file protein02.cif (mmCIF, C-alpha atoms and all ligand atoms)
data_data
#
loop_
_atom_site.label_atom_id
_atom_site.label_comp_id
_atom_site.auth_asym_id
_atom_site.auth_seq_id
_atom_site.Cartn_x
_atom_site.Cartn_y
_atom_site.Cartn_z
CA MET A 28 109.18 79.24 96.99
CA LYS A 29 110.09 78.25 93.43
CA GLU A 30 112.77 80.31 91.65
CA LYS A 31 110.34 81.63 89.00
CA THR A 32 107.77 82.77 91.54
CA MET A 33 110.51 84.50 93.51
CA VAL A 34 111.55 86.47 90.42
CA ASN A 35 107.97 87.48 89.73
CA ASN A 36 107.28 88.54 93.29
CA ASN A 37 110.50 90.49 93.66
CA PRO A 38 109.42 93.94 92.51
CA TRP A 39 112.85 95.00 91.30
CA LYS A 40 113.28 91.87 89.13
CA ARG A 41 109.78 92.40 87.80
CA ALA A 42 110.48 96.05 87.01
CA GLN A 43 113.56 95.02 85.01
CA LYS A 44 111.56 92.47 83.03
CA GLN A 45 108.89 95.05 82.24
CA LEU A 46 111.60 97.43 81.07
CA ARG A 47 113.28 94.91 78.77
CA LYS A 48 109.98 93.86 77.25
CA ALA A 49 108.89 97.42 76.50
CA ALA A 50 112.38 98.35 75.24
CA ARG A 51 112.03 95.75 72.48
CA TYR A 52 108.84 97.34 71.10
CA ILE A 53 110.51 100.65 70.39
CA LYS A 54 114.06 99.37 69.86
CA LEU A 55 115.25 101.54 72.74
CA ASP A 56 118.84 102.57 72.18
CA PRO A 57 121.23 100.40 74.21
CA LEU A 58 122.75 103.30 76.13
CA THR A 59 119.36 104.54 77.41
CA LEU A 60 118.41 100.95 78.25
CA ALA A 61 121.65 100.55 80.21
CA LYS A 62 120.98 103.82 82.06
CA LEU A 63 117.52 102.65 83.07
CA SER A 64 118.58 99.12 84.03
CA ASN A 65 120.16 100.28 87.29
CA PRO A 66 119.61 103.20 89.62
CA ASP A 67 122.01 106.14 89.31
CA ARG A 68 122.64 106.08 93.05
CA VAL A 69 121.49 104.25 96.16
CA VAL A 70 121.85 105.74 99.61
CA GLU A 71 121.45 103.57 102.70
CA VAL A 72 121.67 105.07 106.16
CA SER A 73 121.55 103.77 109.67
CA LEU A 74 119.26 105.62 112.08
CA PRO A 75 119.83 104.95 115.79
CA ILE A 76 117.08 106.45 117.94
CA LYS A 77 116.61 106.65 121.70
CA LEU A 78 112.97 105.86 122.32
CA GLY A 79 110.88 107.49 125.04
CA SER A 80 111.34 104.31 127.09
CA GLY A 81 115.11 104.78 127.05
CA GLU A 82 115.58 101.82 124.69
CA ILE A 83 117.91 102.35 121.71
CA LYS A 84 116.66 101.14 118.33
CA VAL A 85 118.40 101.25 114.99
CA PHE A 86 116.34 101.67 111.81
CA GLN A 87 117.49 101.44 108.20
CA GLY A 88 116.71 104.29 105.82
CA TYR A 89 116.94 104.30 102.03
CA ARG A 90 116.87 106.76 99.18
CA VAL A 91 117.22 105.43 95.66
CA GLN A 92 117.80 107.88 92.82
CA HIS A 93 116.91 105.90 89.76
CA ASN A 94 117.26 108.31 86.88
CA ASN A 95 117.31 112.09 86.23
CA ILE A 96 117.39 112.35 82.45
CA ARG A 97 114.06 114.24 82.47
CA GLY A 98 114.64 116.35 85.60
CA PRO A 99 115.33 116.16 89.36
CA TYR A 100 114.72 112.78 91.01
CA LYS A 101 111.17 112.71 92.36
CA GLY A 102 109.20 110.25 94.44
CA GLY A 103 107.81 109.47 97.84
CA LEU A 104 109.14 108.22 101.16
CA ARG A 105 107.52 105.14 102.63
CA TYR A 106 107.54 104.15 106.32
CA HIS A 107 106.77 100.46 106.54
CA GLN A 108 108.25 97.45 108.29
CA LYS A 109 108.68 95.64 104.96
CA VAL A 110 110.69 98.37 103.22
CA ASP A 111 113.94 97.02 101.76
CA MET A 112 116.42 97.97 99.06
CA ASP A 113 114.88 95.90 96.25
CA GLU A 114 111.44 97.31 96.94
CA VAL A 115 112.71 100.88 96.98
CA LYS A 116 114.72 100.31 93.78
CA ALA A 117 111.60 99.06 91.98
CA LEU A 118 109.48 101.91 93.30
CA ALA A 119 112.13 104.44 92.19
CA PHE A 120 112.21 102.90 88.72
CA TRP A 121 108.42 103.05 88.46
CA MET A 122 108.62 106.76 89.38
CA THR A 123 110.97 107.41 86.44
CA ILE A 124 108.44 105.75 84.14
CA LYS A 125 105.38 107.31 85.83
CA ASN A 126 106.79 110.84 85.66
CA ALA A 127 107.43 110.40 81.95
CA VAL A 128 103.91 108.98 81.34
CA VAL A 129 102.19 111.90 83.05
CA ASN A 130 104.77 114.21 81.47
CA VAL A 131 106.16 116.13 84.41
CA PRO A 132 109.79 117.33 84.20
CA PHE A 133 111.15 114.90 86.77
CA GLY A 134 113.23 111.77 86.91
CA GLY A 135 112.45 109.03 89.42
CA GLY A 136 113.42 108.37 93.01
CA LYS A 137 111.99 106.72 96.08
CA GLY A 138 112.93 106.22 99.67
CA GLY A 139 111.79 104.90 102.93
CA ILE A 140 112.52 103.67 106.40
CA ALA A 141 111.98 100.09 107.54
CA VAL A 142 109.73 100.94 110.47
CA ASP A 143 106.15 100.42 111.52
CA PRO A 144 105.31 104.03 112.39
CA LYS A 145 102.28 102.92 114.41
CA THR A 146 104.66 101.56 117.05
CA LEU A 147 106.31 104.97 117.59
CA GLU A 148 105.26 108.03 119.56
CA GLU A 149 104.97 111.23 117.55
CA LEU A 150 108.18 112.65 119.04
CA GLU A 151 110.09 109.46 118.18
CA LEU A 152 108.80 109.65 114.62
CA GLU A 153 109.88 113.27 114.38
CA LYS A 154 113.38 112.46 115.67
CA LEU A 155 113.66 109.60 113.18
CA THR A 156 112.51 111.79 110.29
CA ARG A 157 114.83 114.65 111.18
CA GLN A 158 117.83 112.34 111.52
CA PHE A 159 116.98 110.72 108.18
CA THR A 160 116.75 114.18 106.58
CA ARG A 161 120.18 115.15 107.93
CA LYS A 162 121.70 111.94 106.60
CA ILE A 163 120.32 112.34 103.08
CA ALA A 164 120.55 116.15 102.99
CA ASP A 165 123.56 116.19 100.66
CA PHE A 166 121.61 114.25 98.07
CA ILE A 167 118.26 116.06 98.08
CA GLY A 168 117.24 119.61 97.14
CA PRO A 169 114.72 121.46 94.94
CA GLN A 170 116.81 120.89 91.79
CA LYS A 171 118.31 117.54 92.85
CA ASP A 172 115.81 115.20 94.43
CA VAL A 173 112.39 116.05 95.83
CA PRO A 174 110.73 113.56 98.23
CA ALA A 175 106.97 113.39 98.91
CA PRO A 176 104.48 111.32 100.92
CA ASP A 177 103.90 107.63 100.21
CA VAL A 178 102.63 104.72 102.35
CA ASN A 179 102.32 105.84 106.02
CA THR A 180 103.88 109.26 105.49
CA ASN A 181 101.91 112.51 105.48
CA PRO A 182 102.06 116.33 105.28
CA LYS A 183 103.31 116.62 108.88
CA ILE A 184 106.32 114.41 108.10
CA MET A 185 107.02 116.48 104.97
CA SER A 186 106.93 119.61 107.08
CA TRP A 187 109.61 118.18 109.44
CA ILE A 188 111.78 117.39 106.41
CA LYS A 189 111.36 120.87 104.95
CA ASN A 190 112.15 122.43 108.30
CA GLU A 191 115.23 120.27 109.02
CA TYR A 192 116.59 120.77 105.50
CA SER A 193 116.00 124.54 105.64
CA ASN A 194 117.77 124.77 109.01
CA LEU A 195 120.74 122.80 107.69
CA THR A 196 121.13 124.83 104.52
CA GLY A 197 120.31 128.15 106.21
CA GLN A 198 117.71 128.90 103.55
CA ASP A 199 113.96 128.46 103.54
CA SER A 200 113.50 125.72 100.91
CA PRO A 201 109.84 124.69 100.60
CA ALA A 202 110.51 123.09 97.17
CA VAL A 203 112.75 120.40 98.72
CA VAL A 204 109.64 118.28 99.40
CA THR A 205 106.06 118.20 98.15
CA GLY A 206 102.90 117.12 99.91
CA LYS A 207 103.49 119.71 102.66
CA PRO A 208 100.71 121.22 104.76
CA ILE A 209 99.20 124.28 103.01
CA GLU A 210 100.58 126.67 105.65
CA ASP A 211 104.10 125.33 104.96
CA GLY A 212 103.90 125.90 101.20
CA GLY A 213 101.84 122.85 100.24
CA SER A 214 99.50 122.97 97.28
CA GLN A 215 95.73 123.00 97.44
CA GLY A 216 94.44 119.64 96.28
CA ARG A 217 97.63 117.61 96.84
CA THR A 218 96.03 115.37 99.50
CA GLU A 219 93.16 114.42 97.19
CA ALA A 220 95.26 114.30 94.03
CA THR A 221 96.16 110.61 93.72
CA GLY A 222 92.58 109.43 94.29
CA LEU A 223 91.04 112.09 92.08
CA GLY A 224 93.61 111.51 89.34
CA GLY A 225 92.64 107.82 89.34
CA VAL A 226 89.01 108.77 88.77
CA TYR A 227 89.95 110.98 85.80
CA ALA A 228 92.03 108.16 84.28
CA LEU A 229 89.18 105.68 84.77
CA LEU A 230 86.56 108.03 83.26
CA THR A 231 88.77 108.59 80.21
CA VAL A 232 89.17 104.83 79.67
CA LEU A 233 85.44 104.17 80.17
CA SER A 234 84.49 106.87 77.70
CA LYS A 235 86.83 105.28 75.12
CA LEU A 236 85.20 101.90 75.80
CA GLY A 237 81.76 103.51 75.42
CA LYS A 238 80.74 102.52 78.95
CA ASP A 239 78.53 104.59 81.24
CA PRO A 240 80.06 104.89 84.72
CA LYS A 241 76.67 105.38 86.39
CA GLY A 242 75.93 102.46 88.68
CA MET A 243 79.10 100.49 87.89
CA SER A 244 80.10 98.57 91.01
CA VAL A 245 83.57 99.01 92.52
CA ALA A 246 85.52 97.14 95.23
CA ILE A 247 88.55 98.85 96.73
CA GLN A 248 91.41 97.17 98.59
CA GLY A 249 93.22 99.69 100.80
CA PHE A 250 91.61 102.55 102.70
CA GLY A 251 94.49 104.94 103.34
CA ASN A 252 94.79 108.38 101.79
CA VAL A 253 94.49 107.08 98.23
CA GLY A 254 91.68 104.55 98.71
CA SER A 255 89.51 106.82 100.81
CA PHE A 256 89.61 109.82 98.45
CA LEU A 257 89.17 107.56 95.46
CA ALA A 258 86.04 106.02 97.01
CA LYS A 259 84.58 109.47 97.64
CA PHE A 260 85.25 110.83 94.18
CA LEU A 261 84.02 107.65 92.49
CA GLN A 262 80.77 107.90 94.36
CA LYS A 263 80.44 111.54 93.33
CA GLU A 264 80.72 110.44 89.69
CA GLY A 265 77.88 107.94 90.12
CA PHE A 266 79.85 104.71 90.64
CA LYS A 267 78.52 102.32 93.26
CA VAL A 268 81.26 101.59 95.81
CA VAL A 269 80.28 98.22 97.31
CA ALA A 270 83.37 97.03 99.19
CA LEU A 271 86.24 98.56 101.11
CA SER A 272 89.06 96.93 103.03
CA ASP A 273 92.20 97.65 105.00
CA SER A 274 94.94 95.23 106.04
CA LYS A 275 92.78 93.73 108.79
CA GLY A 276 89.43 93.23 107.07
CA GLY A 277 86.66 94.86 105.16
CA ILE A 278 83.03 95.70 104.64
CA TYR A 279 80.83 94.65 101.72
CA ILE A 280 77.39 96.08 100.97
CA PRO A 281 76.14 94.91 97.54
CA ASP A 282 73.60 97.79 97.40
CA GLY A 283 76.41 100.32 97.85
CA ILE A 284 78.21 101.91 100.79
CA ARG A 285 76.48 105.22 101.39
CA ASP A 286 78.54 107.59 103.45
CA ILE A 287 82.26 107.12 102.80
CA ASP A 288 83.11 110.03 105.13
CA GLU A 289 81.38 108.30 108.05
CA VAL A 290 83.22 105.05 107.28
CA LYS A 291 86.48 107.00 107.27
CA ARG A 292 85.67 108.64 110.59
CA CYS A 293 84.77 105.21 112.04
CA LYS A 294 88.05 103.70 110.87
CA GLU A 295 90.02 106.60 112.34
CA GLU A 296 88.24 106.21 115.67
CA LYS A 297 88.46 102.42 115.94
CA GLY A 298 91.73 101.94 114.13
CA LEU A 299 90.19 99.42 111.73
CA LEU A 300 87.57 99.31 109.01
CA ALA A 301 85.93 95.97 109.83
CA GLY A 302 82.51 96.54 111.38
CA CYS A 303 82.18 100.13 110.11
CA TYR A 304 78.59 99.72 108.90
CA CYS A 305 77.22 103.24 109.12
CA VAL A 306 73.64 104.44 109.32
CA GLY A 307 73.73 108.21 109.73
CA SER A 308 76.57 108.85 112.14
CA VAL A 309 76.17 105.53 113.95
CA CYS A 310 78.72 103.00 112.72
CA ASP A 311 78.36 99.54 114.16
CA LEU A 312 78.47 95.89 113.22
CA LYS A 313 74.85 95.75 114.37
CA ASN A 314 73.84 97.72 111.26
CA MET A 315 75.32 95.11 108.95
CA LYS A 316 72.18 93.03 108.54
CA ASN A 317 69.89 96.01 107.94
CA LEU A 318 72.18 97.25 105.21
CA GLY A 319 72.36 93.82 103.60
CA GLY A 320 76.09 93.77 104.30
CA LYS A 321 78.62 90.99 104.78
CA ASN A 322 81.98 90.96 106.49
CA ILE A 323 84.77 90.24 104.10
CA GLU A 324 88.42 89.25 104.50
CA ALA A 325 90.89 91.76 103.12
CA ASP A 326 92.22 89.42 100.42
CA LYS A 327 88.73 88.48 99.16
CA VAL A 328 87.82 92.02 98.12
CA LEU A 329 89.52 91.66 94.76
CA THR A 330 87.56 88.57 93.77
CA LEU A 331 84.09 89.96 94.47
CA PRO A 332 81.52 89.94 91.63
CA VAL A 333 81.91 93.61 90.67
CA ASP A 334 82.59 95.64 87.51
CA ILE A 335 85.78 97.29 88.70
CA ILE A 336 88.39 96.35 91.29
CA VAL A 337 90.94 98.73 92.72
CA PRO A 338 94.08 97.48 94.46
CA ALA A 339 95.12 100.52 96.52
CA ALA A 340 97.38 98.93 99.13
CA LEU A 341 100.84 97.42 98.59
CA GLU A 342 102.71 95.42 95.94
CA ASN A 343 101.82 91.87 94.91
CA SER A 344 98.15 91.81 95.86
CA ILE A 345 97.15 90.29 92.50
CA THR A 346 99.08 87.07 92.03
CA LYS A 347 98.70 83.91 90.00
CA GLU A 348 96.80 82.48 92.98
CA ASN A 349 93.89 84.95 92.85
CA ALA A 350 94.07 86.28 89.25
CA GLU A 351 92.00 83.37 87.90
CA LYS A 352 89.26 84.15 90.41
CA ILE A 353 88.93 87.80 89.43
CA THR A 354 85.64 88.41 87.63
CA ALA A 355 85.85 92.20 87.28
CA LYS A 356 86.50 93.36 83.73
CA ILE A 357 88.40 96.49 84.73
CA ILE A 358 91.26 96.95 87.21
CA LEU A 359 92.39 100.39 88.32
CA GLU A 360 95.86 100.01 89.88
CA MET A 361 96.12 102.71 92.53
CA ALA A 362 98.89 100.93 94.49
CA ASN A 363 102.37 100.77 93.00
CA GLY A 364 103.19 97.35 91.57
CA PRO A 365 100.07 95.46 92.76
CA THR A 366 100.11 92.88 89.95
CA THR A 367 102.79 90.20 89.53
CA LEU A 368 104.02 89.28 86.05
CA GLU A 369 102.26 85.94 86.08
CA ALA A 370 98.99 87.54 87.18
CA ASP A 371 99.34 90.16 84.46
CA GLU A 372 99.55 87.44 81.82
CA ILE A 373 96.48 85.68 83.20
CA LEU A 374 94.51 88.95 83.19
CA GLN A 375 95.53 89.72 79.62
CA LYS A 376 94.31 86.31 78.48
CA LYS A 377 91.01 86.99 80.23
CA ASP A 378 90.74 90.34 78.39
CA VAL A 379 90.63 92.31 81.62
CA VAL A 380 91.41 95.99 81.06
CA VAL A 381 94.18 96.86 83.50
CA ILE A 382 94.75 100.60 83.95
CA PRO A 383 98.36 100.40 85.11
CA ASP A 384 99.81 102.00 88.25
CA ILE A 385 102.24 104.16 86.30
CA LEU A 386 99.22 105.91 84.78
CA ALA A 387 96.38 105.37 87.27
CA ASN A 388 98.14 106.75 90.34
CA SER A 389 100.18 109.46 88.63
CA GLY A 390 97.80 112.22 89.79
CA GLY A 391 99.73 112.46 93.07
CA VAL A 392 103.02 113.31 91.47
CA ALA A 393 101.27 115.53 88.92
CA VAL A 394 100.04 117.77 91.74
CA SER A 395 103.44 117.43 93.43
CA TYR A 396 104.81 119.03 90.28
CA PHE A 397 102.23 121.82 90.59
CA GLU A 398 103.31 122.32 94.23
CA TRP A 399 107.02 122.46 93.35
CA TYR A 400 106.28 124.85 90.49
CA GLN A 401 104.20 127.15 92.72
CA ASN A 402 106.95 127.15 95.39
CA LEU A 403 109.65 128.07 92.88
CA ASN A 404 107.55 130.77 91.23
CA SER A 405 105.81 132.20 94.33
CA LYS A 406 102.37 131.25 93.04
CA HIS A 407 99.28 130.10 94.96
CA TRP A 408 96.66 128.34 92.90
CA GLY A 409 93.17 127.67 94.25
CA LYS A 410 91.79 124.14 94.55
CA GLU A 411 89.52 124.52 91.50
CA GLU A 412 92.47 125.53 89.36
CA VAL A 413 94.60 122.64 90.63
CA PHE A 414 91.82 120.12 89.95
CA LYS A 415 91.29 121.54 86.47
CA LYS A 416 94.99 121.25 85.68
CA LEU A 417 95.06 117.73 87.15
CA ARG A 418 92.11 116.70 85.01
CA GLU A 419 93.83 118.01 81.87
CA LYS A 420 97.06 116.17 82.72
CA MET A 421 95.31 112.88 83.44
CA GLU A 422 93.11 113.03 80.35
CA LYS A 423 96.06 113.82 78.14
CA ALA A 424 98.24 111.05 79.59
CA THR A 425 95.42 108.50 79.45
CA GLY A 426 94.50 109.50 75.89
CA LYS A 427 98.11 109.08 74.80
CA VAL A 428 98.35 105.64 76.43
CA LEU A 429 95.05 104.54 74.84
CA ASP A 430 96.20 105.68 71.38
CA THR A 431 99.55 103.94 71.80
CA SER A 432 97.83 100.75 72.91
CA ASN A 433 95.74 100.85 69.71
CA LYS A 434 98.69 101.65 67.49
CA TYR A 435 100.90 98.83 68.77
CA GLY A 436 98.14 96.38 69.66
CA VAL A 437 99.45 96.06 73.23
CA SER A 438 98.04 96.29 76.77
CA LEU A 439 97.69 99.64 78.50
CA ARG A 440 100.69 98.78 80.70
CA GLU A 441 102.92 98.09 77.72
CA ALA A 442 101.59 101.20 76.01
CA ALA A 443 102.39 103.33 79.07
CA TYR A 444 105.96 101.98 79.04
CA ILE A 445 106.26 102.77 75.34
CA VAL A 446 105.07 106.36 75.89
CA ALA A 447 107.52 106.79 78.79
CA LEU A 448 110.52 105.20 77.11
CA ASN A 449 110.01 107.26 73.96
CA ARG A 450 109.99 110.45 76.04
CA ILE A 451 113.04 109.43 78.06
CA GLN A 452 114.93 108.38 74.94
CA GLU A 453 114.15 111.66 73.22
CA LYS A 454 115.49 113.66 76.17
CA SER A 455 118.49 111.39 76.53
CA GLN A 456 119.44 111.88 72.89
CA ASN A 457 119.03 115.66 73.20
CA ILE A 458 121.40 115.64 76.16
CA LEU A 459 123.90 113.48 74.24
CA SER A 460 123.77 115.70 71.17
CA LEU A 461 124.81 118.66 73.31
CA LYS A 462 128.00 116.92 74.35
N1 LIG B 501 104.28 108.50 96.45
C1 LIG B 501 103.52 108.96 95.33
C2 LIG B 501 103.72 108.04 94.15
O1 LIG B 501 104.03 106.88 94.32
C3 LIG B 501 103.76 110.42 95.00
C4 LIG B 501 105.17 110.80 94.66
C5 LIG B 501 105.41 112.29 94.55
O2 LIG B 501 104.48 113.05 94.64
O3 LIG B 501 106.59 112.65 94.35
O4 LIG B 501 103.48 108.38 93.03
#

call {"tool": "encode", "arguments": {"input": "protein02.cif", "output": "structure tokens"}}
result
Amino acid sequence: MKEKTMVNNNPWKRAQKQLRKAARYIKLDPLTLAKLSNPDRVVEVSLPIKLGSGEIKVFQGYRVQHNNIRGPYKGGLRYHQKVDMDEVKALAFWMTIKNAVVNVPFGGGKGGIAVDPKTLEELELEKLTRQFTRKIADFIGPQKDVPAPDVNTNPKIMSWIKNEYSNLTGQDSPAVVTGKPIEDGGSQGRTEATGLGGVYALLTVLSKLGKDPKGMSVAIQGFGNVGSFLAKFLQKEGFKVVALSDSKGGIYIPDGIRDIDEVKRCKEEKGLLAGCYCVGSVCDLKNMKNLGGKNIEADKVLTLPVDIIVPAALENSITKENAEKITAKIILEMANGPTTLEADEILQKKDVVVIPDILANSGGVAVSYFEWYQNLNSKHWGKEEVFKKLREKMEKATGKVLDTSNKYGVSLREAAYIVALNRIQEKSQNILSLK
């Protein structure tokens, strides 16, 4: 791989470039820039586990605390075989920026374990999670650093963390993590929040562009928690979801995929999305022809002839190799860091409207904030109330980014950085003036 491509595909290097570029627009003060150029702290732990088979395996765990100028470190934990320090550093940095864009009182952090959780039994996963919690326990806490779900982690895992941490500290501490099951202090609406927040951001942008969402076609790459809820809520708003994919393949029905819930059930049952052509409750490849469908490879979903594409999987799915082939005019980035720097430049030249990750997927952490707030103040909001508050947050953040983009004549990504850096700088200077 050429040196330049390596820099662009390394998420941490890319994050630093994005930071320096945005810093120039607002003449960010050098001290704040220096503070954001490196994480405050990185924690790396070794996690030896005895598997059910008797075999001993050692996993690496990470927690990166990027910055806490605006509040406790906040961000998810990812369980994936490709997790490494540079990835986690970039993801933690993007959380600092994201939390400032959506205006929640948090800094940024991220963590993860380099493991493919699908290869572990539930008990092994629990042991791994509990050991990880013990090893990072000194660094986390409701006012210090608050983890949450991310790729391949879920409410059950959050509940183990809450339980292990509470046992260690001798105090019931639901606010140490968010994204918990409701019965463990989780918030209504947290599971749906990232997907739904993306819909609110998209609707706000479309209304500004004077476009009617009804009938607009959408292709989504990634059918985990985020992609599946997004598909459902988009459909509810009148969008036509035509393609869905997971890491192994996808389905494409130009007339529109009808029952997203059935597709989800099919994927859960079979373990993969390919072939989930559903008529009523019968999902089978045999229905493909009747529905006018076509099988599609996972990496082709983003280059389909549609109005909107949604990368909702991992980093680097839009690269200089496929950016030229993208015909959609709008991209909603639901994954973190899906677009490389080179691809971003190509898309800008093609006048594609990219709704950036640090805005588009911030609904998850927005409702994490609501969860944390409810835990600390013994409140229990209903789902309607949470969704209403989420809508307000997303519309406000998106409106601010759109205005900033107009004011500076920059892309929505650059505008989101400008909004975030201004807020961080303001807080940083307030802290300094107290000293
Ligand atoms: N993992 C999610 C994200 O990337 C949510 C983080 C959180 O709720 O703290 O934004």

call {"tool": "atom_distance", "arguments": {"input": "protein02.cif", "atom1": "CA of Ala301 in chain A", "atom2": "CA of Leu329 in chain A"}}
result
16.1 Å

call {"tool": "residues_near_ligand", "arguments": {"input": "protein02.cif", "ligand": "ligand LIG 501 (chain B)", "cutoff": "9 Å", "atoms": "all atoms listed in the file", "output": "MDAnalysis selection string"}}
result
chainID A and resid 100:105 118:119 121:122 125:126 135:137 173:178 204:206 217 221 362:363 384:385 388:396

call {"tool": "residues_around", "arguments": {"input": "protein02.cif", "residues": "Glu372 in chain A", "least_positions_apart": "5", "cutoff": "10 Å", "atoms": "only C-alpha atoms", "output": "MDAnalysis selection string"}}
result
chainID A and resid 347 350 366:367 377:378

call {"tool": "residues_around", "arguments": {"input": "protein02.cif", "residues": "range 227-235 of chain A", "least_positions_apart": "4", "cutoff": "10 Å", "atoms": "only C-alpha atoms", "output": "MDAnalysis selection string"}}
result
chainID A and resid 222:223 239:240 260:261 264 335 357:359 380 382 386:390 417:426 428:429

call {"tool": "residues_around", "arguments": {"input": "protein02.cif", "residues": "Leu403 in chain A", "least_positions_apart": "5", "cutoff": "10 Å", "atoms": "only C-alpha atoms", "output": "list in words"}}
result
Pro169, Ser200, Pro201, Ala202, Phe397 and Glu398 of chain A

call {"tool": "residues_around", "arguments": {"input": "protein02.cif", "residues": "Val446 in chain A", "least_positions_apart": "4", "cutoff": "8 Å", "atoms": "only C-alpha atoms", "output": "PyMOL selection string"}}
result
chain A and resi 127-128+427-428+431+442+450

call {"tool": "write_last_selection", "arguments": {"input": "protein02.cif", "atoms": "C-alpha atoms", "output": "short mmCIF file (atom, residue, chain, number, x, y, z; two decimals), keeping the file's coordinate frame"}}
result
data_model
loop_
_atom_site.label_atom_id
_atom_site.label_comp_id
_atom_site.auth_asym_id
_atom_site.auth_seq_id
_atom_site.Cartn_x
_atom_site.Cartn_y
_atom_site.Cartn_z
CA ALA A 127 107.43 110.40 81.95
CA VAL A 128 103.91 108.98 81.34
CA LYS A 427 98.11 109.08 74.80
CA VAL A 428 98.35 105.64 76.43
CA THR A 431 99.55 103.94 71.80
CA ALA A 442 101.59 101.20 76.01
CA ARG A 450 109.99 110.45 76.04
#

call {"tool": "atom_distance", "arguments": {"input": "protein02.cif", "atom1": "CA of Ile287 in chain A", "atom2": "CA of Lys259 in chain A"}}
result
6.1 Å

call {"tool": "atom_distance", "arguments": {"input": "protein02.cif", "atom1": "CA of Val226 in chain A", "atom2": "CA of Lys241 in chain A"}}
result
13.0 Å

call {"tool": "residues_around", "arguments": {"input": "protein02.cif", "residues": "Val290 in chain A", "least_positions_apart": "5", "cutoff": "8 Å", "atoms": "only C-alpha atoms", "output": "tab-separated table (two decimals) with C-alpha atoms, keeping the file's coordinate frame"}}
result
chain	number	residue	atom	x	y	z
A	300	LEU	CA	87.57	99.31	109.01
A	303	CYS	CA	82.18	100.13	110.11
A	304	TYR	CA	78.59	99.72	108.90
A	305	CYS	CA	77.22	103.24	109.12
A	310	CYS	CA	78.72	103.00	112.72

call {"tool": "axis_aligned_box", "arguments": {"input": "protein02.cif", "around": "range 91-96 of chain A", "padding_each_side": "8 Å", "output": "AutoDock Vina command-line options"}}
result
--center_x 117.4 --center_y 108.9 --center_z 89.1 --size_x 16.9 --size_y 22.9 --size_z 29.2

call {"tool": "closest_residue", "arguments": {"input": "protein02.cif", "among": "A:Val70, A:Val115, A:Lys145, A:Ile278", "to": "Asp165 in chain A", "atoms": "all atoms listed in the file"}}
result
A:Val70

call {"tool": "residues_near_point", "arguments": {"input": "protein02.cif", "point": "(122.2, 107.5, 103.9)", "cutoff": "8 Å", "atoms": "all atoms listed in the file", "output": "mmCIF file with C-alpha atoms, in the frame of the given file"}}
result
data_model
loop_
_atom_site.group_PDB
_atom_site.id
_atom_site.type_symbol
_atom_site.label_atom_id
_atom_site.label_comp_id
_atom_site.auth_asym_id
_atom_site.auth_seq_id
_atom_site.Cartn_x
_atom_site.Cartn_y
_atom_site.Cartn_z
ATOM 1 C CA VAL A 70 121.850 105.740 99.610
ATOM 2 C CA GLU A 71 121.450 103.570 102.700
ATOM 3 C CA VAL A 72 121.670 105.070 106.160
ATOM 4 C CA SER A 73 121.550 103.770 109.670
ATOM 5 C CA GLY A 88 116.710 104.290 105.820
ATOM 6 C CA TYR A 89 116.940 104.300 102.030
ATOM 7 C CA ARG A 90 116.870 106.760 99.180
ATOM 8 C CA PHE A 159 116.980 110.720 108.180
ATOM 9 C CA LYS A 162 121.700 111.940 106.600
ATOM 10 C CA ILE A 163 120.320 112.340 103.080
#
